[in-house]
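Student: I am sharing input_38.csv, which consists of CSV, C-alpha atoms and all ligand atoms:
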chain,number,residue,atom,x,y,z
A,1,MET,CA,-8.2,-19.8,20.4
A,2,LYS,CA,-7.1,-16.2,19.8
A,3,SER,CA,-9.5,-14.3,17.7
A,4,TYR,CA,-9.3,-10.9,15.9
A,5,LYS,CA,-12.0,-8.6,14.8
A,6,ILE,CA,-11.4,-7.5,11.2
A,7,VAL,CA,-13.5,-5.4,8.9
A,8,VAL,CA,-13.3,-6.4,5.3
A,9,LEU,CA,-14.1,-3.9,2.5
A,10,PRO,CA,-13.9,-5.8,-0.8
A,11,GLY,CA,-14.9,-2.7,-2.9
A,12,ASP,CA,-15.0,-2.7,-6.6
A,13,GLY,CA,-13.6,-4.4,-9.7
A,14,ILE,CA,-11.0,-7.0,-8.9
A,15,GLY,CA,-11.3,-6.0,-5.2
A,16,PRO,CA,-13.7,-8.8,-4.2
A,17,GLU,CA,-11.7,-11.5,-6.0
A,18,VAL,CA,-8.3,-10.6,-4.5
A,19,THR,CA,-10.0,-10.1,-1.1
A,20,LYS,CA,-11.6,-13.6,-1.2
A,21,ALA,CA,-8.1,-15.1,-2.1
A,22,THR,CA,-6.6,-13.3,0.9
A,23,PHE,CA,-9.0,-14.5,3.5
A,24,GLU,CA,-8.8,-18.1,2.2
A,25,VAL,CA,-5.0,-17.9,2.7
A,26,ILE,CA,-5.3,-16.2,6.1
A,27,GLY,CA,-7.9,-18.8,7.2
A,28,SER,CA,-5.4,-21.5,6.5
A,29,VAL,CA,-2.5,-19.9,8.4
A,30,GLY,CA,-4.9,-19.1,11.2
A,31,LYS,CA,-5.5,-22.9,11.6
A,32,GLN,CA,-1.8,-23.6,11.5
A,33,PHE,CA,-0.9,-20.9,14.0
A,34,GLY,CA,-3.9,-21.1,16.3
A,35,PHE,CA,-6.0,-18.0,15.7
A,36,GLU,CA,-9.2,-17.1,13.9
A,37,LEU,CA,-10.5,-13.9,12.3
A,38,LYS,CA,-14.0,-12.6,13.0
A,39,THR,CA,-14.7,-10.8,9.8
A,40,GLU,CA,-17.4,-8.3,9.2
A,41,TYR,CA,-18.0,-7.2,5.6
A,42,HIS,CA,-19.0,-3.7,4.5
A,43,ASP,CA,-19.3,-1.8,1.2
A,44,ILE,CA,-17.0,0.9,0.1
A,45,GLY,CA,-16.5,2.9,-3.2
A,46,GLY,CA,-18.7,2.1,-6.1
A,47,ALA,CA,-20.3,-0.8,-4.4
A,48,SER,CA,-21.4,1.5,-1.6
A,49,ILE,CA,-22.6,4.1,-4.0
A,50,ASP,CA,-24.8,1.5,-5.7
A,51,ARG,CA,-26.3,0.2,-2.5
A,52,HIS,CA,-26.3,3.3,-0.2
A,53,GLY,CA,-25.9,6.3,-2.5
A,54,ILE,CA,-22.6,7.4,-0.9
A,55,PRO,CA,-19.0,5.9,-1.1
A,56,LEU,CA,-18.6,5.3,2.6
A,57,THR,CA,-21.5,5.1,5.1
A,58,ASP,CA,-21.2,6.2,8.8
A,59,ASP,CA,-22.0,2.6,9.7
A,60,ALA,CA,-19.1,1.2,7.7
A,61,LEU,CA,-16.7,3.8,9.0
A,62,SER,CA,-17.6,3.2,12.6
A,63,ALA,CA,-17.3,-0.5,12.2
A,64,CYS,CA,-13.8,0.1,10.8
A,65,LYS,CA,-12.9,2.3,13.8
A,66,ASN,CA,-14.0,-0.5,16.1
A,67,ALA,CA,-12.1,-3.2,14.4
A,68,GLY,CA,-8.6,-4.6,15.2
A,69,ALA,CA,-7.7,-4.0,11.6
A,70,VAL,CA,-9.3,-3.2,8.2
A,71,PHE,CA,-8.6,-4.9,4.9
A,72,LEU,CA,-9.6,-3.3,1.6
A,73,GLY,CA,-9.6,-4.7,-1.9
A,74,ALA,CA,-9.9,-1.8,-4.3
A,75,VAL,CA,-12.2,1.1,-5.2
A,76,GLY,CA,-13.3,2.8,-8.4
A,77,GLY,CA,-14.3,2.0,-11.9
A,78,THR,CA,-15.6,3.5,-15.2
A,79,LYS,CA,-19.2,3.0,-14.0
A,80,TRP,CA,-18.8,5.8,-11.5
A,81,ASP,CA,-16.4,8.0,-13.5
A,82,HIS,CA,-19.1,10.7,-14.2
A,83,LEU,CA,-19.5,11.4,-10.4
A,84,GLU,CA,-18.0,14.5,-8.8
A,85,GLY,CA,-16.1,15.2,-5.7
A,86,ALA,CA,-17.3,13.6,-2.5
A,87,LEU,CA,-19.6,11.3,-4.5
A,88,ARG,CA,-16.7,9.6,-6.3
A,89,PRO,CA,-15.7,6.0,-5.1
A,90,GLU,CA,-12.2,7.3,-4.3
A,91,SER,CA,-13.6,9.8,-1.8
A,92,GLY,CA,-14.8,6.8,0.2
A,93,LEU,CA,-11.2,5.6,0.5
A,94,LEU,CA,-9.9,9.0,1.3
A,95,ALA,CA,-12.6,9.5,4.0
A,96,LEU,CA,-11.7,6.0,5.4
A,97,ARG,CA,-8.0,6.8,5.6
A,98,LYS,CA,-8.7,10.2,7.3
A,99,GLY,CA,-11.4,8.7,9.6
A,100,LEU,CA,-9.0,6.0,10.8
A,101,ASN,CA,-6.2,8.6,11.0
A,102,VAL,CA,-3.8,6.2,9.3
A,103,TYR,CA,-1.4,8.8,8.3
A,104,ALA,CA,1.6,6.6,7.3
A,105,ASN,CA,1.3,4.4,4.3
A,106,LEU,CA,4.1,1.9,3.9
A,107,ARG,CA,4.7,0.4,0.5
A,108,PRO,CA,7.6,-2.1,0.5
A,109,VAL,CA,9.2,-2.8,-2.8
A,110,LYS,CA,11.5,-5.8,-3.2
A,111,ILE,CA,12.4,-8.1,-6.1
A,112,PHE,CA,11.1,-11.6,-5.7
A,113,PRO,CA,13.6,-14.3,-6.7
A,114,GLY,CA,12.5,-15.4,-10.1
A,115,LEU,CA,11.2,-12.0,-11.2
A,116,GLU,CA,14.5,-10.4,-11.9
A,117,ASN,CA,13.8,-10.5,-15.6
A,118,TYR,CA,10.2,-9.3,-15.4
A,119,SER,CA,10.8,-5.7,-14.8
A,120,PRO,CA,11.1,-3.2,-17.7
A,121,LEU,CA,14.4,-2.3,-16.1
A,122,LYS,CA,17.6,-4.3,-16.7
A,123,ALA,CA,18.1,-7.1,-14.2
A,124,GLU,CA,21.5,-5.7,-13.2
A,125,LEU,CA,19.9,-2.5,-12.0
A,126,LEU,CA,17.6,-4.5,-9.7
A,127,GLU,CA,20.2,-6.3,-7.8
A,128,GLY,CA,19.8,-5.3,-4.1
A,129,VAL,CA,16.6,-3.4,-4.6
A,130,ASP,CA,14.7,-3.4,-1.2
A,131,LEU,CA,13.0,-0.2,-0.4
A,132,VAL,CA,9.9,1.1,1.4
A,133,VAL,CA,8.0,4.2,0.3
A,134,VAL,CA,6.5,5.9,3.4
A,135,ARG,CA,3.7,8.0,1.9
A,136,GLU,CA,1.9,10.6,4.0
A,137,LEU,CA,-1.7,9.6,3.7
A,138,THR,CA,-4.1,11.9,5.4
A,139,GLY,CA,-2.9,15.4,4.4
A,140,GLY,CA,-1.4,17.4,1.6
A,141,LEU,CA,-2.8,17.9,-1.8
A,142,TYR,CA,-5.5,15.3,-1.6
A,143,PHE,CA,-7.1,16.9,1.5
A,144,GLY,CA,-6.1,20.6,1.6
A,145,GLN,CA,-8.9,23.2,1.6
A,146,PRO,CA,-10.0,25.1,-0.4
A,147,LYS,CA,-10.6,22.4,-3.0
A,148,GLY,CA,-13.0,22.1,-5.8
A,149,PRO,CA,-14.4,23.6,-9.0
A,150,GLY,CA,-15.2,27.4,-9.2
A,151,THR,CA,-15.4,30.3,-11.5
A,152,THR,CA,-13.1,33.3,-12.1
A,153,GLU,CA,-14.3,36.9,-11.9
A,154,ALA,CA,-14.2,36.8,-15.7
A,155,GLY,CA,-16.6,33.9,-15.7
A,156,LEU,CA,-14.1,31.2,-16.7
A,157,ARG,CA,-14.3,27.8,-15.1
A,158,ASN,CA,-11.4,27.1,-12.7
A,159,ALA,CA,-10.6,24.6,-10.0
A,160,VAL,CA,-8.3,24.5,-7.0
A,161,ASP,CA,-6.5,22.0,-4.9
A,162,THR,CA,-4.4,23.0,-1.9
A,163,MET,CA,-1.2,21.5,-0.7
A,164,VAL,CA,-1.0,22.3,3.0
A,165,TYR,CA,0.8,20.6,5.9
A,166,ASP,CA,1.2,21.7,9.5
A,167,GLU,CA,4.4,20.8,11.4
A,168,ASN,CA,2.7,18.1,13.5
A,169,GLU,CA,1.5,16.2,10.4
A,170,ILE,CA,5.1,16.2,9.1
A,171,LYS,CA,6.6,15.4,12.5
A,172,ARG,CA,4.6,12.3,13.2
A,173,ILE,CA,5.2,10.6,9.8
A,174,THR,CA,8.8,11.6,9.9
A,175,HIS,CA,9.2,9.7,13.2
A,176,LYS,CA,7.6,6.6,11.7
A,177,ALA,CA,10.0,6.8,8.7
A,178,PHE,CA,13.1,7.2,10.9
A,179,GLU,CA,12.1,4.4,13.1
A,180,LEU,CA,11.6,2.2,10.1
A,181,ALA,CA,14.9,3.2,8.6
A,182,ARG,CA,16.7,2.5,12.0
A,183,ASN,CA,15.5,-1.1,11.8
A,184,ARG,CA,16.5,-1.5,8.2
A,185,ARG,CA,19.6,-0.3,6.5
A,186,GLY,CA,19.7,3.1,8.2
A,187,LYS,CA,19.1,5.4,5.3
A,188,LEU,CA,16.2,7.8,4.9
A,189,THR,CA,15.6,9.8,1.7
A,190,SER,CA,13.1,12.6,2.3
A,191,VAL,CA,11.5,13.6,-1.0
A,192,ASP,CA,10.0,17.1,-1.7
A,193,LYS,CA,9.9,20.0,-4.1
A,194,ALA,CA,11.6,22.5,-1.8
A,195,ASN,CA,13.0,24.5,-4.8
A,196,VAL,CA,9.4,25.6,-5.6
A,197,LEU,CA,6.9,24.7,-2.9
A,198,ALA,CA,6.5,26.4,0.5
A,199,SER,CA,4.9,23.3,1.9
A,200,SER,CA,8.1,21.4,0.9
A,201,ARG,CA,10.4,23.9,2.6
A,202,LEU,CA,8.5,23.4,5.9
A,203,TRP,CA,8.6,19.6,5.2
A,204,ARG,CA,12.4,19.8,4.9
A,205,ASP,CA,12.8,22.0,8.0
A,206,VAL,CA,10.8,19.6,10.1
A,207,VAL,CA,12.5,16.5,8.8
A,208,ASN,CA,15.9,18.1,9.7
A,209,GLU,CA,14.7,18.9,13.2
A,210,VAL,CA,13.4,15.4,13.8
A,211,SER,CA,16.6,13.9,12.4
A,212,ALA,CA,18.5,15.2,15.5
A,213,GLN,CA,16.9,12.3,17.4
A,214,TYR,CA,18.1,9.7,15.0
A,215,PRO,CA,21.9,10.2,14.6
A,216,ASP,CA,22.2,6.5,13.6
A,217,VAL,CA,20.2,7.1,10.4
A,218,GLU,CA,21.7,8.8,7.4
A,219,LEU,CA,19.3,11.4,6.0
A,220,GLU,CA,19.3,12.8,2.5
A,221,HIS,CA,16.9,15.2,0.8
A,222,MET,CA,15.9,14.7,-2.8
A,223,LEU,CA,13.7,16.7,-5.1
A,224,VAL,CA,10.8,14.7,-6.3
A,225,ASP,CA,11.6,15.0,-10.0
A,226,ASN,CA,15.1,13.8,-9.3
A,227,CYS,CA,13.8,10.9,-7.2
A,228,ALA,CA,11.6,9.8,-10.1
A,229,MET,CA,14.7,9.6,-12.2
A,230,GLN,CA,16.9,7.9,-9.6
A,231,LEU,CA,14.3,5.3,-9.0
A,232,VAL,CA,14.9,4.0,-12.5
A,233,ARG,CA,18.6,4.9,-12.6
A,234,GLN,CA,19.8,3.4,-9.3
A,235,PRO,CA,16.9,2.0,-7.5
A,236,ALA,CA,19.1,-0.1,-5.1
A,237,SER,CA,20.4,3.1,-3.6
A,238,PHE,CA,17.2,3.7,-1.7
A,239,ASP,CA,16.2,2.3,1.7
A,240,VAL,CA,13.3,4.3,3.1
A,241,ILE,CA,11.7,7.0,1.0
A,242,LEU,CA,9.6,9.5,3.0
A,243,THR,CA,7.3,11.8,1.1
A,244,GLU,CA,4.1,13.8,0.8
A,245,ASN,CA,0.8,12.2,-0.2
A,246,MET,CA,0.6,12.8,-3.9
A,247,PHE,CA,4.4,12.5,-4.5
A,248,GLY,CA,4.1,9.1,-2.7
A,249,ASP,CA,1.2,8.0,-4.8
A,250,ILE,CA,3.1,8.7,-8.0
A,251,LEU,CA,6.5,7.4,-6.9
A,252,SER,CA,5.0,4.2,-5.5
A,253,ASP,CA,3.4,3.2,-8.8
A,254,GLU,CA,6.8,3.9,-10.5
A,255,ALA,CA,8.6,1.8,-7.9
A,256,ALA,CA,6.1,-1.0,-8.3
A,257,MET,CA,7.4,-1.6,-11.8
A,258,LEU,CA,10.8,-2.6,-10.3
A,259,THR,CA,9.1,-5.8,-9.1
A,260,GLY,CA,7.7,-6.5,-12.5
A,261,SER,CA,4.0,-5.7,-11.7
A,262,ILE,CA,2.0,-3.5,-9.4
A,263,GLY,CA,0.1,-6.8,-8.8
A,264,MET,CA,2.9,-7.7,-6.4
A,265,LEU,CA,2.9,-4.6,-4.2
A,266,PRO,CA,1.2,-4.7,-0.8
A,267,SER,CA,0.6,-1.8,1.5
A,268,ALA,CA,0.0,-1.0,5.2
A,269,SER,CA,-1.5,2.2,6.4
A,270,VAL,CA,-0.9,2.9,10.0
A,271,GLY,CA,-1.3,5.7,12.5
A,272,ASP,CA,-1.2,5.6,16.3
A,273,LYS,CA,-3.6,2.6,16.5
A,274,GLY,CA,-5.2,0.0,14.2
A,275,GLY,CA,-4.3,-0.3,10.6
A,276,LEU,CA,-5.7,-0.4,7.1
A,277,TYR,CA,-4.3,-2.9,4.6
A,278,GLU,CA,-4.7,-2.8,0.9
A,279,PRO,CA,-2.9,-3.8,-2.3
A,280,VAL,CA,-1.4,-0.8,-4.1
A,281,HIS,CA,-3.1,-1.7,-7.4
A,282,GLY,CA,-6.5,-0.4,-8.3
A,283,SER,CA,-9.8,-2.0,-9.2
A,284,ALA,CA,-8.8,-2.9,-12.8
A,285,PRO,CA,-12.3,-2.9,-14.2
A,286,ASP,CA,-11.2,-4.4,-17.5
A,287,ILE,CA,-10.3,-7.7,-15.9
A,288,ALA,CA,-12.9,-7.7,-13.1
A,289,GLY,CA,-14.9,-10.8,-12.5
A,290,LYS,CA,-12.8,-12.9,-14.9
A,291,ASN,CA,-10.6,-14.7,-12.4
A,292,LEU,CA,-7.6,-13.0,-14.0
A,293,ALA,CA,-6.3,-10.8,-11.2
A,294,ASN,CA,-3.0,-11.4,-9.5
A,295,PRO,CA,-4.0,-11.9,-5.8
A,296,MET,CA,-0.4,-11.7,-4.5
A,297,ALA,CA,-0.4,-7.9,-3.6
A,298,ALA,CA,-3.6,-8.5,-1.6
A,299,ILE,CA,-2.3,-11.7,0.0
A,300,LEU,CA,0.9,-9.9,1.0
A,301,SER,CA,-1.1,-7.0,2.4
A,302,GLY,CA,-2.9,-9.6,4.5
A,303,ALA,CA,0.6,-10.8,5.7
A,304,MET,CA,1.5,-7.2,6.7
A,305,MET,CA,-1.8,-7.0,8.6
A,306,LEU,CA,-0.9,-10.1,10.6
A,307,ARG,CA,2.6,-8.8,11.4
A,308,ASN,CA,2.0,-5.1,12.0
A,309,THR,CA,-1.4,-4.9,13.7
A,310,LEU,CA,-2.4,-8.4,14.9
A,311,GLY,CA,1.0,-9.4,16.2
A,312,GLU,CA,1.2,-12.7,14.3
A,313,PRO,CA,4.7,-12.4,12.8
A,314,GLU,CA,5.2,-16.2,12.2
A,315,ALA,CA,2.0,-16.5,10.3
A,316,ALA,CA,3.0,-13.4,8.2
A,317,ASN,CA,6.4,-15.0,7.5
A,318,ALA,CA,4.7,-18.2,6.4
A,319,ILE,CA,2.5,-16.4,3.9
A,320,GLU,CA,5.4,-14.4,2.6
A,321,GLN,CA,7.5,-17.5,2.2
A,322,ALA,CA,4.7,-19.3,0.5
A,323,VAL,CA,4.1,-16.5,-2.0
A,324,SER,CA,7.9,-16.2,-2.7
A,325,ALA,CA,8.2,-19.9,-3.3
A,326,VAL,CA,5.2,-20.0,-5.6
A,327,ILE,CA,6.7,-17.2,-7.7
A,328,GLU,CA,10.2,-18.7,-7.6
A,329,ASN,CA,8.7,-21.9,-9.0
A,330,GLY,CA,7.6,-20.0,-12.1
A,331,ASN,CA,3.9,-19.4,-11.4
A,332,ARG,CA,2.8,-16.2,-13.0
A,333,GLY,CA,-0.5,-14.3,-13.2
A,334,ALA,CA,-1.7,-12.6,-16.4
A,335,ASP,CA,0.0,-9.4,-15.3
A,336,LEU,CA,3.5,-11.0,-15.3
A,337,ALA,CA,3.3,-13.9,-17.8
A,338,LYS,CA,5.4,-13.3,-20.9
A,339,PRO,CA,4.3,-14.4,-24.3
A,340,GLY,CA,4.4,-18.2,-24.4
A,341,GLU,CA,4.2,-18.5,-20.6
A,342,LYS,CA,1.1,-19.9,-19.0
A,343,ALA,CA,-0.9,-17.3,-17.1
A,344,LEU,CA,-2.5,-18.7,-14.0
A,345,SER,CA,-5.9,-17.5,-12.8
A,346,THR,CA,-6.6,-15.9,-9.4
A,347,ASN,CA,-7.9,-19.1,-8.1
A,348,GLU,CA,-5.0,-21.2,-9.4
A,349,LEU,CA,-2.4,-18.8,-7.8
A,350,THR,CA,-4.3,-18.8,-4.5
A,351,GLU,CA,-4.4,-22.6,-4.5
A,352,LYS,CA,-0.7,-22.7,-5.2
A,353,VAL,CA,-0.1,-20.5,-2.2
A,354,GLN,CA,-2.3,-22.7,0.0
A,355,LEU,CA,-0.5,-25.9,-1.1
A,356,LYS,CA,2.9,-24.3,-0.4
A,357,LEU,CA,1.7,-23.3,3.1
A,358,LYS,CA,0.8,-26.9,3.7
A,359,ASP,CA,4.1,-28.0,2.4
A,360,LEU,CA,6.0,-25.6,4.6
A,361,ALA,CA,4.0,-26.6,7.6
A,362,ALA,CA,4.8,-30.2,7.0
A,363,LYS,CA,8.5,-29.4,6.8
A,364,GLU,CA,8.8,-27.1,9.8
A,365,PRO,CA,7.4,-28.3,13.1
A,366,SER,CA,7.2,-24.7,14.3
A,367,PHE,CA,4.4,-24.2,11.8
A,368,SER,CA,1.9,-26.3,13.5
A,401,LIG,C1,-3.6,4.5,-4.2
A,401,LIG,C2,-4.6,4.9,-5.1
A,401,LIG,C3,-5.6,5.8,-4.4
A,401,LIG,C4,-4.8,7.0,-4.0
A,401,LIG,C5,-6.8,6.3,-5.2
A,401,LIG,C6,-7.7,5.1,-5.6
A,401,LIG,C7,-7.6,7.3,-4.5
A,401,LIG,O1,-4.1,5.4,-6.3
A,401,LIG,O2,-3.9,3.9,-3.1
A,401,LIG,O3,-2.4,4.7,-4.5
A,401,LIG,O4,-4.5,8.0,-4.8
A,401,LIG,O5,-4.3,7.1,-2.9
A,402,MG,MG,-2.0,5.2,-6.4
Is it possible to express this structure as structure tokens?
Ligand code: IPM
Ligand code: MG

Tutor:
Amino acid sequence: MKSYKIVVLPGDGIGPEVTKATFEVIGSVGKQFGFELKTEYHDIGGASIDRHGIPLTDDALSACKNAGAVFLGAVGGTKWDHLEGALRPESGLLALRKGLNVYANLRPVKIFPGLENYSPLKAELLEGVDLVVVRELTGGLYFGQPKGPGTTEAGLRNAVDTMVYDENEIKRITHKAFELARNRRGKLTSVDKANVLASSRLWRDVVNEVSAQYPDVELEHMLVDNCAMQLVRQPASFDVILTENMFGDILSDEAAMLTGSIGMLPSASVGDKGGLYEPVHGSAPDIAGKNLANPMAAILSGAMMLRNTLGEPEAANAIEQAVSAVIENGNRGADLAKPGEKALSTNELTEKVQLKLKDLAAKEPSFS
């Protein structure tokens, strides 16, 4: 039997719950499609701070580097909010992304049948929405030096963050975005703030240079403030959105609401090898440990892992079909349920996905 070595980082808050759901589902499709996962669990974020004093140990990072793929639940929480800089839970995640060199973060946004009326946007605007945010993940404002708190000559507290990119960092993610667009609807929107930022002007120049190699893809440039507006005005006009780290962080949360809930949004972070898979949502400390989290974003991230890094596209399709069917049949987590609608627990939603997978396998001989 084929076997894949995966490092699992459940993390904080609802991370462990949605991670457990994901590996139950992957375990089932593995049996159907003839592979198994060899999983190794490590701490990250607050869980790692509590146990080892730092948000990511060398041990955990080197295990991740040696794995076929890495799956992460979520990091952070109020308990660790007083910590500064490199000691914050989020720093563990940033160090992991950097250490794995997964510079391209793909966040697909599509409307699941049945959720057309669950977005704060009018259903008519959502028709045809199917986009991917390609967020640069290992550079820009989150990593640039100098960074940190300081003092002015006059003795005032100040603080600095630096948005810096070199042309190679821009080039490699631009290629990823063009390749993706080429295999989708052939449109790429590069988002920047070139009317103000020097880093954005370099970004735009490099994207233009790379575009010469992709004459089949239509390229447009858009300022980030305008993009924030167009995402709610005409979201269906986007195919692939390519952007800097922080712009992508912000725009992907906004785009998540097109689907009705950030609890539906998976992500894949890839570079030249391996991959890191995590739901876009955070650790949601307010509902942690209560069996209330929507596991779909995590389960769908698991599907992306199977397709993109492990080369098990049929198993990935099966999971996505099952999730889609469960949603279409009216099952909602607490994040989506409207007043009067029953909200299913994490376990109930996971079980529904498992049952649907069995169902699909029974119907389709290719599933077994
Ligand atoms: C995300 C999250 C993280 C980020 C946080 C937890 C550091 O918001 O993955 O979007 O900013 O990248
Ligand atoms: Mg974010």

Student: Would you list the residues that come within 7 Å of ligand MG 402 (chain A)? Count all atoms listed in the file and give the answer as a ChimeraX atom specification.

Tutor: /A:249-250,253,280

Student: Please extract the residues at most 8 Å from ligand LIG 401 (chain A), counting all atoms listed in the file, and provide them as a list in words, using the chain letters and residue numbers of this document.

Tutor: Ala74, Val75, Gly76, Glu90, Ser91, Leu93, Leu94, Leu137, Asn245, Met246, Asp249, Ile250, Ser252, Asp253, Glu278, Pro279, Val280, His281 and Gly282 of chain A

Student: Quick one: axis-aligned box around all listed atoms of stretch 162-165 of chain A, 6 Å on every side, centre and edge lengths in Å to one decimal, written as JSON.

Tutor:
{"center_x": -1.8, "center_y": 21.8, "center_z": 2.0, "size_x": 17.2, "size_y": 14.4, "size_z": 19.8}

Student: Hey, what's within 9 Å of A:Phe23 if we count all atoms listed in the file and toss same-chain stuff fewer than 6 positions away? As JSON, numbers by chain, please?

Tutor: {"A": [37, 299, 302]}

Student: Save the residues we just selected, C-alpha atoms, as a PDB file, keeping the file's coordinate frame?

Tutor:
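again.pdb, freshly written:
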ATOM      1  CA  LEU A  37     -10.500 -13.900  12.300  1.00  0.00           C
ATOM      2  CA  ILE A 299      -2.300 -11.700   0.000  1.00  0.00           C
ATOM      3  CA  GLY A 302      -2.900  -9.600   4.500  1.00  0.00           C
TER       4      GLY A 302
END

Student: Looking at all atoms listed in the file, which of A:Val29, A:Met222, A:Val191, A:Met257 is the one that sits closest to A:Lys110?

Tutor: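 Using all atoms listed in the file, A:Lys110 sits closest to A:Met257.
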
Student: What does the structure give for the distance between atom CA of A:Lys193 and atom CA of A:Asp225, in Å to one decimal?

Tutor: 7.9 Å

Student: Quick one: of A:Thr151, A:Gly11, A:Val133, A:Val102, who's nearest to A:Arg51, counting all atoms listed in the file?

Tutor: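 Going through A:Thr151, A:Gly11, A:Val133, A:Val102 one by one, the smallest distance to A:Arg51 is for A:Gly11.
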
Student: Let me make sure I understand: among A:Ser283, A:Asn158, A:Gln213, A:Asn226, which one has the smallest atom-to-atom distance to A:Pro295 if we use all atoms listed in the file?

Tutor: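 Looking only at the distances to A:Pro295, the closest residue turns out to be A:Ser283.
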
Student: Could you give me, as number ranges by chain, the residues that sit within 12 Å of (-14.0, -0.2, 2.4) in the file's coordinates, counting only C-alpha atoms?

Tutor: A: 6-12, 15-16, 19, 40-49, 54-65, 69-76, 89-97, 99-100, 276-278

Student: Fewer than 4 positions away in the same chain doesn't count, so skip those; otherwise give me all residues within 12 Å of A:Glu124, counting only C-alpha atoms, as a ChimeraX atom specification.

Tutor: /A:111,116-117,119-120,128-129,232-236,258

Student: From the options A:Val134, A:Met305, A:Ala228, A:Ala337, which residue's atoms come nearest to A:Gly68, counting all atoms listed in the file?

Tutor: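 Closest to A:Gly68 of all the choices is A:Met305.
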